[in-house]
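Student: Dropping in work-v6.cif, with mmCIF, C-alpha atoms.
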```cif
data_coords
#
loop_
_atom_site.label_atom_id
_atom_site.label_comp_id
_atom_site.auth_asym_id
_atom_site.auth_seq_id
_atom_site.Cartn_x
_atom_site.Cartn_y
_atom_site.Cartn_z
CA MET A 30 109.92 25.74 -57.21
CA THR A 31 112.28 28.58 -56.36
CA THR A 32 109.46 30.54 -54.80
CA ALA A 33 108.36 27.55 -52.73
CA LEU A 34 111.92 27.02 -51.49
CA PHE A 35 112.21 30.70 -50.67
CA VAL A 36 108.97 30.68 -48.69
CA VAL A 37 109.95 27.53 -46.76
CA LEU A 38 113.39 28.92 -45.87
CA ALA A 39 112.03 32.37 -45.01
CA VAL A 40 109.30 31.01 -42.75
CA THR A 41 111.78 28.61 -41.11
CA ALA A 42 114.24 31.45 -40.45
CA VAL A 43 111.67 33.76 -38.85
CA VAL A 44 109.64 31.15 -36.95
CA ALA A 45 112.72 29.37 -35.56
CA GLY A 46 114.11 32.77 -34.60
CA ALA A 47 110.93 33.70 -32.76
CA LEU A 48 110.72 30.31 -31.02
CA VAL A 49 114.21 30.91 -29.56
CA PHE A 50 112.56 33.21 -27.03
CA ARG A 51 109.54 30.96 -26.42
CA VAL A 52 110.95 27.52 -25.58
CA ASP A 53 111.69 26.41 -22.03
CA SER A 54 115.13 25.01 -22.59
CA MET A 55 118.43 26.72 -23.28
CA ALA A 56 119.61 23.81 -25.40
CA ARG A 57 116.47 23.94 -27.54
CA ALA A 58 116.80 27.73 -27.88
CA THR A 59 120.39 27.34 -29.09
CA PHE A 60 119.51 24.76 -31.71
CA LEU A 61 116.46 26.73 -32.87
CA LEU A 62 118.78 29.70 -33.37
CA LEU A 63 121.06 27.40 -35.36
CA LEU A 64 118.06 26.34 -37.49
CA SER A 65 117.30 30.00 -38.17
CA PHE A 66 120.93 30.60 -39.20
CA LEU A 67 120.88 27.56 -41.49
CA ALA A 68 117.70 28.78 -43.18
CA VAL A 69 119.32 32.19 -43.77
CA ALA A 70 122.41 30.41 -45.13
CA GLY A 71 120.05 28.60 -47.52
CA LEU A 72 118.63 31.92 -48.64
CA VAL A 73 122.16 33.29 -49.15
CA LEU A 74 122.94 30.19 -51.22
CA MET A 75 119.85 30.94 -53.33
CA THR A 76 121.41 34.26 -54.35
CA GLY A 77 124.34 32.31 -55.80
CA LEU A 78 126.86 33.06 -53.04
CA GLN A 79 127.97 29.47 -52.56
CA TYR A 80 131.19 30.23 -50.68
CA LEU A 81 129.65 32.66 -48.20
CA GLY A 82 126.62 30.43 -47.72
CA VAL A 83 128.82 27.46 -46.80
CA VAL A 84 130.99 29.69 -44.57
CA ILE A 85 127.86 30.78 -42.69
CA VAL A 86 126.76 27.14 -42.26
CA LEU A 87 130.17 26.03 -40.92
CA MET A 88 130.63 29.05 -38.69
CA MET A 89 127.17 28.97 -37.18
CA VAL A 90 127.27 25.24 -36.44
CA ILE A 91 130.51 25.71 -34.49
CA GLU A 92 129.32 28.95 -32.90
CA MET A 93 126.05 27.46 -31.66
CA VAL A 94 127.78 24.38 -30.25
CA VAL A 95 130.17 26.65 -28.34
CA MET A 96 127.18 28.72 -27.26
CA ALA A 97 125.42 25.59 -25.97
CA ILE A 98 128.41 24.93 -23.67
CA PHE A 99 128.18 28.46 -22.23
CA MET A 100 124.42 28.08 -21.93
CA ILE A 101 124.84 25.05 -19.74
CA MET A 102 127.57 26.82 -17.75
CA TYR A 103 125.57 29.95 -16.99
CA MET A 104 121.92 29.07 -17.28
CA MET A 105 119.42 27.71 -14.91
CA ASN A 106 117.22 25.08 -16.46
CA PRO A 107 119.53 24.01 -19.30
CA ALA A 108 117.52 20.89 -20.05
CA GLY A 109 114.07 22.46 -20.02
CA LEU A 110 112.68 20.36 -17.20
CA MET A 111 110.75 23.31 -15.78
CA PRO A 112 108.77 26.05 -17.49
CA MET A 113 110.96 29.08 -17.95
CA SER A 114 110.09 32.73 -18.35
CA MET A 115 112.83 35.31 -18.24
CA PHE A 116 111.33 38.39 -19.80
CA HIS A 117 111.44 41.97 -18.66
CA ASN A 118 109.79 44.97 -20.25
CA THR A 119 107.95 42.76 -22.73
CA ARG A 120 105.37 45.37 -23.72
CA GLY A 121 107.84 48.16 -24.45
CA ALA A 122 110.13 45.81 -26.35
CA ALA A 123 107.20 44.51 -28.41
CA VAL A 124 106.22 48.06 -29.37
CA ILE A 125 109.82 48.87 -30.37
CA ALA A 126 110.20 45.61 -32.33
CA VAL A 127 106.91 46.00 -34.21
CA THR A 128 107.68 49.65 -34.97
CA THR A 129 111.11 48.64 -36.29
CA PHE A 130 109.60 45.92 -38.46
CA VAL A 131 106.93 48.23 -39.87
CA ALA A 132 109.50 50.94 -40.62
CA LEU A 133 111.98 48.55 -42.26
CA ALA A 134 109.42 46.50 -44.20
CA GLY A 135 107.56 49.66 -45.22
CA GLY A 136 110.81 51.14 -46.46
CA ALA A 137 111.65 47.93 -48.35
CA LEU A 138 108.25 47.90 -50.06
CA LEU A 139 107.82 51.62 -50.72
CA VAL A 140 111.29 52.64 -51.89
CA ASP A 141 111.68 52.75 -55.65
CA TRP A 142 114.73 50.49 -55.91
CA PRO A 143 117.10 50.98 -58.85
CA VAL A 144 117.21 48.34 -61.56
CA ARG A 145 119.80 45.59 -61.38
CA GLY A 146 123.11 46.88 -62.68
CA GLY A 147 125.77 44.60 -64.14
CA ARG A 148 126.18 40.83 -64.05
CA PRO A 149 127.71 38.63 -61.35
CA ALA A 150 131.32 37.61 -61.90
CA ALA A 151 131.81 34.14 -63.36
CA ASP A 152 133.63 32.92 -60.25
CA LEU A 153 132.20 34.76 -57.25
CA THR A 154 134.64 33.25 -54.74
CA MET A 155 137.59 34.32 -56.86
CA ALA A 156 136.10 37.81 -57.21
CA LEU A 157 135.66 38.06 -53.41
CA GLY A 158 139.20 36.83 -52.79
CA GLU A 159 140.71 39.26 -55.28
CA SER A 160 138.66 42.06 -53.77
CA LEU A 161 139.75 41.27 -50.20
CA MET A 162 143.38 41.00 -51.27
CA GLY A 163 143.14 44.07 -53.52
CA GLY A 164 140.74 46.99 -53.27
CA GLN A 165 139.25 45.84 -49.95
CA MET A 166 142.63 45.10 -48.35
CA LEU A 167 142.08 47.81 -45.74
CA THR A 168 138.81 46.10 -44.72
CA MET A 169 140.58 42.77 -44.42
CA MET A 170 143.43 44.25 -42.35
CA THR A 171 140.98 46.05 -40.08
CA LEU A 172 139.10 42.80 -39.54
CA GLY A 173 142.36 41.03 -38.74
CA VAL A 174 143.45 43.63 -36.18
CA THR A 175 139.96 43.67 -34.66
CA LEU A 176 139.97 39.89 -34.31
CA PHE A 177 143.40 40.01 -32.67
CA ALA A 178 142.22 42.72 -30.27
CA THR A 179 139.22 40.51 -29.48
CA ILE A 180 141.50 37.58 -28.65
CA VAL A 181 143.58 39.71 -26.29
CA GLY A 182 140.55 41.43 -24.77
CA THR A 183 138.58 38.25 -24.16
CA VAL A 184 141.55 36.52 -22.53
CA VAL A 185 142.16 39.53 -20.26
CA LEU A 186 138.48 39.70 -19.32
CA ALA A 187 138.03 35.98 -18.78
CA ALA A 188 141.26 35.31 -16.90
CA GLY A 189 140.63 35.18 -13.15
CA ARG A 190 144.07 36.25 -12.01
CA GLY A 191 146.73 37.54 -14.33
CA ARG A 192 150.45 38.14 -13.84
CA TYR A 193 149.84 41.63 -12.41
CA ASP A 194 147.71 40.08 -9.66
CA ARG A 195 150.45 37.58 -8.92
CA LEU A 196 153.59 39.69 -9.24
CA GLY A 197 152.42 43.27 -8.56
CA ASP A 198 151.93 46.26 -10.86
CA GLU A 199 155.65 46.43 -11.70
CA LEU A 200 155.97 42.65 -11.98
CA ASP A 201 158.78 42.87 -9.41
CA ALA A 202 157.35 41.05 -6.39
CA PRO A 203 159.96 38.78 -4.81
CA ALA A 204 157.48 35.92 -4.59
CA SER A 205 154.30 35.41 -6.54
CA ASP A 206 151.07 35.94 -4.61
CA ASP A 207 149.23 32.71 -5.37
CA ARG A 208 146.19 31.35 -3.60
CA ASP A 209 147.61 27.88 -3.77
CA ARG A 210 151.20 26.87 -3.33
CA GLY A 211 153.07 25.46 -6.25
CA GLY A 212 152.52 28.18 -8.86
CA VAL A 213 155.31 29.16 -11.19
CA GLY A 214 156.94 32.14 -9.43
CA ARG A 215 160.21 33.94 -9.64
CA MET B 4 111.50 35.89 -55.11
CA ASN B 5 112.53 39.52 -55.38
CA LEU B 6 114.39 42.16 -53.41
CA GLN B 7 111.33 43.24 -51.46
CA ALA B 8 110.59 39.69 -50.27
CA PHE B 9 114.17 39.24 -49.06
CA LEU B 10 114.15 42.60 -47.29
CA VAL B 11 110.85 41.89 -45.53
CA VAL B 12 112.24 38.59 -44.21
CA ALA B 13 115.41 40.42 -43.11
CA ALA B 14 113.27 43.07 -41.39
CA ALA B 15 111.35 40.33 -39.57
CA LEU B 16 114.62 38.76 -38.36
CA VAL B 17 115.92 42.14 -37.19
CA ALA B 18 112.65 42.86 -35.35
CA VAL B 19 112.58 39.44 -33.65
CA GLY B 20 116.25 39.78 -32.68
CA LEU B 21 115.63 43.26 -31.31
CA PHE B 22 112.68 41.99 -29.28
CA GLY B 23 114.85 39.22 -27.85
CA ALA B 24 117.75 41.53 -27.05
CA LEU B 25 115.43 43.96 -25.27
CA THR B 26 113.35 41.45 -23.30
CA GLN B 27 115.73 38.71 -22.19
CA GLN B 28 116.97 38.83 -18.63
CA SER B 29 119.75 36.34 -19.21
CA ILE B 30 122.90 37.86 -20.71
CA VAL B 31 123.42 34.78 -22.89
CA MET B 32 119.87 34.94 -24.29
CA LEU B 33 120.36 38.66 -24.92
CA MET B 34 123.36 37.80 -27.08
CA MET B 35 121.24 35.29 -29.02
CA GLY B 36 118.90 38.18 -29.83
CA LEU B 37 121.82 40.25 -31.12
CA GLU B 38 122.99 37.32 -33.26
CA LEU B 39 119.52 37.01 -34.76
CA LEU B 40 119.52 40.73 -35.51
CA LEU B 41 122.84 40.47 -37.34
CA ASN B 42 121.48 37.41 -39.15
CA GLY B 43 118.90 39.71 -40.73
CA VAL B 44 121.66 42.11 -41.77
CA VAL B 45 123.49 39.25 -43.53
CA LEU B 46 120.34 38.37 -45.45
CA ALA B 47 119.72 41.99 -46.43
CA ALA B 48 123.33 42.39 -47.62
CA ALA B 49 123.07 39.25 -49.78
CA ALA B 50 119.78 40.49 -51.25
CA PHE B 51 121.16 43.97 -51.98
CA TRP B 52 124.18 42.44 -53.67
CA TYR B 53 122.16 40.02 -55.79
CA PHE B 54 119.31 42.28 -56.84
CA LEU B 55 121.00 45.68 -57.12
CA ALA B 56 124.76 45.48 -57.69
CA PRO B 57 125.87 41.93 -58.59
CA ALA B 58 128.81 43.23 -60.64
CA GLY B 59 130.73 44.51 -57.60
CA THR B 60 131.95 42.58 -54.57
CA GLU B 61 130.97 45.14 -51.91
CA GLY B 62 127.91 43.14 -50.87
CA GLN B 63 130.02 40.02 -50.35
CA VAL B 64 132.60 42.00 -48.35
CA LEU B 65 129.77 43.39 -46.19
CA ILE B 66 128.65 39.81 -45.43
CA VAL B 67 132.22 38.90 -44.43
CA ILE B 68 132.30 41.92 -42.09
CA VAL B 69 128.94 41.10 -40.48
CA VAL B 70 129.82 37.42 -40.00
CA THR B 71 133.09 38.50 -38.35
CA ALA B 72 131.16 40.94 -36.18
CA MET B 73 128.90 38.06 -35.07
CA ALA B 74 131.92 36.01 -34.02
CA ILE B 75 133.48 38.97 -32.18
CA GLU B 76 130.18 39.80 -30.47
CA MET B 77 129.84 36.28 -29.16
CA ALA B 78 133.45 35.99 -27.99
CA ALA B 79 133.43 39.40 -26.29
CA GLY B 80 129.98 38.78 -24.82
CA PHE B 81 130.99 35.50 -23.23
CA ALA B 82 134.19 37.07 -21.90
CA VAL B 83 132.16 39.85 -20.26
CA THR B 84 129.70 37.28 -18.90
CA THR B 85 132.58 35.28 -17.46
CA ALA B 86 134.17 38.39 -15.92
CA ILE B 87 130.94 39.68 -14.34
CA TYR B 88 130.00 36.21 -13.14
CA ARG B 89 133.42 35.76 -11.58
CA ALA B 90 133.24 39.15 -9.87
CA LYS B 91 129.63 39.18 -8.66
CA ARG B 92 127.97 35.83 -9.43
CA ILE B 93 125.61 37.62 -11.80
CA ASP B 94 124.13 36.08 -14.93
CA MET B 95 121.06 38.30 -15.31
CA THR B 96 121.00 41.76 -16.86
CA ASP B 97 118.74 43.15 -14.10
CA ASP B 98 121.40 42.50 -11.48
CA ALA B 99 124.15 44.26 -13.43
CA ALA B 100 122.92 47.81 -12.84
CA GLU B 101 126.11 49.66 -11.83
CA LEU B 102 125.99 51.88 -14.91
CA ARG B 103 122.33 52.78 -14.48
CA GLY B 104 121.92 56.53 -14.94
#
```
Rewrite the structure of this file - the entire thing - as structure tokens.
Tutor:
Amino acid sequence: MTTALFVVLAVTAVVAGALVFRVDSMARATFLLLLSFLAVAGLVLMTGLQYLGVVIVLMMVIEMVVMAIFMIMYMMNPAGLMPMSMFHNTRGAAVIAVTTFVALAGGALLVDWPVRGGRPAADLTMALGESLMGGQMLTMMTLGVTLFATIVGTVVLAAGRGRYDRLGDELDAPASDDRDRGGVGR
Amino acid sequence: MNLQAFLVVAAALVAVGLFGALTQQSIVMLMMGLELLLNGVVLAAAAFWYFLAPAGTEGQVLIVIVVTAMAIEMAAGFAVTTAIYRAKRIDMTDDAAELRG
């Protein structure tokens, strides 16, 4: 039963992931990627990590829906009404991908892995929380600062015109330089 | 169901993601390849935790880090896509060749 479930989830994850680059529609590609993520979340749940498995499900559902919006913003052919092929350097990439797979899978199968050491904590979520708020606090703080830097960086990148465009490098322009009248100036 | 089976599936996800990231012309599709690649890393981390060192929490912390990296990658990627599209009306990687050596 467990093996059957594992095989179904594993095949779903890989096949859906491969189909992402085969289908003609951006929307279908996004939701196939979501299916692949959900299958991996199922596999993570099978290892007993309920909290992280559910976090992956919730995060990926939201992430893929946001991605679908950007897909439709930036992509030709969002609905898949025409055949779509957007590959470059397929042969070289295939060689690299197959080589990577052979190296990784060969390593996984050939390495003499150590035996399982220790037992899982009774409450894994509690153990993770205590770890993040204790010994792994530096990791947590680094993640927090990185996420904050991402927020600032993405806003700066995505904003069309910021205050330095409007008010000059020293922010001391007598009137704001706006394309349209009615902006909030000084 | 053992460590090797999990790692082979993770290797397949990494390889498919790498193929997508290398072949796709669209910047958004390229990012989907990167996400798929990191998806394999999540699976491998869970498998390593479960089959080798279930007593510690390092494997779980690694999953938290990778999931955060996926979110950051997508946010930063879309910001760059927005910036380059706003500047040059480009949404394909082949057109964005300023840094070509």
Student: From the list A:Ala187, A:Met162, A:Leu153, A:Val44, which residue is nearest chain B when using all atoms listed in the file?
Tutor: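 The answer is A:Ala187, which sits nearest to chain B.
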Student: Report as a PyMOL selection string the full result of the PyMOL selection byres ((chain A) within 7 of (chain B)) when it is applied to this structure.
Tutor: chain A and resi 32+35+39+43+46-47+50+66+69+73+76+100+103+115-119+122-123+126-127+129-130+133-134+137-138+143-150+156-157+160+176+179+183+186-187
Student: Create the file for the chosen residues now, containing C-alpha atoms and written as a PDB file, in the frame of the given file.
Tutor:
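The resulting again-v8.pdb:
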```pdb
ATOM      1  CA  THR A  32     109.460  30.540 -54.800  1.00  0.00           C
ATOM      2  CA  PHE A  35     112.210  30.700 -50.670  1.00  0.00           C
ATOM      3  CA  ALA A  39     112.030  32.370 -45.010  1.00  0.00           C
ATOM      4  CA  VAL A  43     111.670  33.760 -38.850  1.00  0.00           C
ATOM      5  CA  GLY A  46     114.110  32.770 -34.600  1.00  0.00           C
ATOM      6  CA  ALA A  47     110.930  33.700 -32.760  1.00  0.00           C
ATOM      7  CA  PHE A  50     112.560  33.210 -27.030  1.00  0.00           C
ATOM      8  CA  PHE A  66     120.930  30.600 -39.200  1.00  0.00           C
ATOM      9  CA  VAL A  69     119.320  32.190 -43.770  1.00  0.00           C
ATOM     10  CA  VAL A  73     122.160  33.290 -49.150  1.00  0.00           C
ATOM     11  CA  THR A  76     121.410  34.260 -54.350  1.00  0.00           C
ATOM     12  CA  MET A 100     124.420  28.080 -21.930  1.00  0.00           C
ATOM     13  CA  TYR A 103     125.570  29.950 -16.990  1.00  0.00           C
ATOM     14  CA  MET A 115     112.830  35.310 -18.240  1.00  0.00           C
ATOM     15  CA  PHE A 116     111.330  38.390 -19.800  1.00  0.00           C
ATOM     16  CA  HIS A 117     111.440  41.970 -18.660  1.00  0.00           C
ATOM     17  CA  ASN A 118     109.790  44.970 -20.250  1.00  0.00           C
ATOM     18  CA  THR A 119     107.950  42.760 -22.730  1.00  0.00           C
ATOM     19  CA  ALA A 122     110.130  45.810 -26.350  1.00  0.00           C
ATOM     20  CA  ALA A 123     107.200  44.510 -28.410  1.00  0.00           C
ATOM     21  CA  ALA A 126     110.200  45.610 -32.330  1.00  0.00           C
ATOM     22  CA  VAL A 127     106.910  46.000 -34.210  1.00  0.00           C
ATOM     23  CA  THR A 129     111.110  48.640 -36.290  1.00  0.00           C
ATOM     24  CA  PHE A 130     109.600  45.920 -38.460  1.00  0.00           C
ATOM     25  CA  LEU A 133     111.980  48.550 -42.260  1.00  0.00           C
ATOM     26  CA  ALA A 134     109.420  46.500 -44.200  1.00  0.00           C
ATOM     27  CA  ALA A 137     111.650  47.930 -48.350  1.00  0.00           C
ATOM     28  CA  LEU A 138     108.250  47.900 -50.060  1.00  0.00           C
ATOM     29  CA  PRO A 143     117.100  50.980 -58.850  1.00  0.00           C
ATOM     30  CA  VAL A 144     117.210  48.340 -61.560  1.00  0.00           C
ATOM     31  CA  ARG A 145     119.800  45.590 -61.380  1.00  0.00           C
ATOM     32  CA  GLY A 146     123.110  46.880 -62.680  1.00  0.00           C
ATOM     33  CA  GLY A 147     125.770  44.600 -64.140  1.00  0.00           C
ATOM     34  CA  ARG A 148     126.180  40.830 -64.050  1.00  0.00           C
ATOM     35  CA  PRO A 149     127.710  38.630 -61.350  1.00  0.00           C
ATOM     36  CA  ALA A 150     131.320  37.610 -61.900  1.00  0.00           C
ATOM     37  CA  ALA A 156     136.100  37.810 -57.210  1.00  0.00           C
ATOM     38  CA  LEU A 157     135.660  38.060 -53.410  1.00  0.00           C
ATOM     39  CA  SER A 160     138.660  42.060 -53.770  1.00  0.00           C
ATOM     40  CA  LEU A 176     139.970  39.890 -34.310  1.00  0.00           C
ATOM     41  CA  THR A 179     139.220  40.510 -29.480  1.00  0.00           C
ATOM     42  CA  THR A 183     138.580  38.250 -24.160  1.00  0.00           C
ATOM     43  CA  LEU A 186     138.480  39.700 -19.320  1.00  0.00           C
ATOM     44  CA  ALA A 187     138.030  35.980 -18.780  1.00  0.00           C
TER      45      ALA A 187
END
```
Student: Pick out the residues sitting within 8 Å of region 91-94 of chain A, and hand them over as a PyMOL selection string; count only C-alpha atoms, and ignore anything fewer than 5 positions along from it in its own chain.
Tutor: (chain A and resi 59-60+62-63) or (chain B and resi 74)
Student: For the selection just defined, write its residues with C-alpha atoms to a file, as a PDB file, in the frame of the given file.
Tutor:
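What follows is the written file again-v4.pdb:
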```
ATOM      1  CA  THR A  59     120.390  27.340 -29.090  1.00  0.00           C
ATOM      2  CA  PHE A  60     119.510  24.760 -31.710  1.00  0.00           C
ATOM      3  CA  LEU A  62     118.780  29.700 -33.370  1.00  0.00           C
ATOM      4  CA  LEU A  63     121.060  27.400 -35.360  1.00  0.00           C
TER       5      LEU A  63
ATOM      6  CA  ALA B  74     131.920  36.010 -34.020  1.00  0.00           C
TER       7      ALA B  74
END
```
Student: Report as number ranges by chain all protein, DNA and RNA residues lying within 10 Å of Asp194 (chain A), evaluated on only C-alpha atoms, omitting residues in the same chain fewer than 6 positions from it.
Tutor: A: 200, 205-207
Student: Enclose all atoms of region 203-210 of chain A listed in the file in an axis-aligned box, grow every side by 3 Å, and hand back centre and edge lengths in Å to one decimal, as JSON.
Tutor:
```
{"center_x": 153.1, "center_y": 32.8, "center_z": -4.9, "size_x": 19.8, "size_y": 17.9, "size_z": 9.2}
```
Student: Quick check, in Å to one decimal: how far apart do CA of Glu159 (chain A) and CA of Val83 (chain A) lie?
Tutor: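 These atoms are spaced 18.8 Å apart.
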Student: Any idea what the distance is between CA of Val44 (chain B) and CA of Leu87 (chain A)?
Tutor: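 Answer for the CA of Val44 (chain B) to CA of Leu87 (chain A) separation: 18.2 Å.
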Student: Please compute the CA of Val36 (chain A)-CA of Leu72 (chain A) distance, one decimal, in Å.
Tutor: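 CA of Val36 (chain A) sits 9.7 Å away from CA of Leu72 (chain A).
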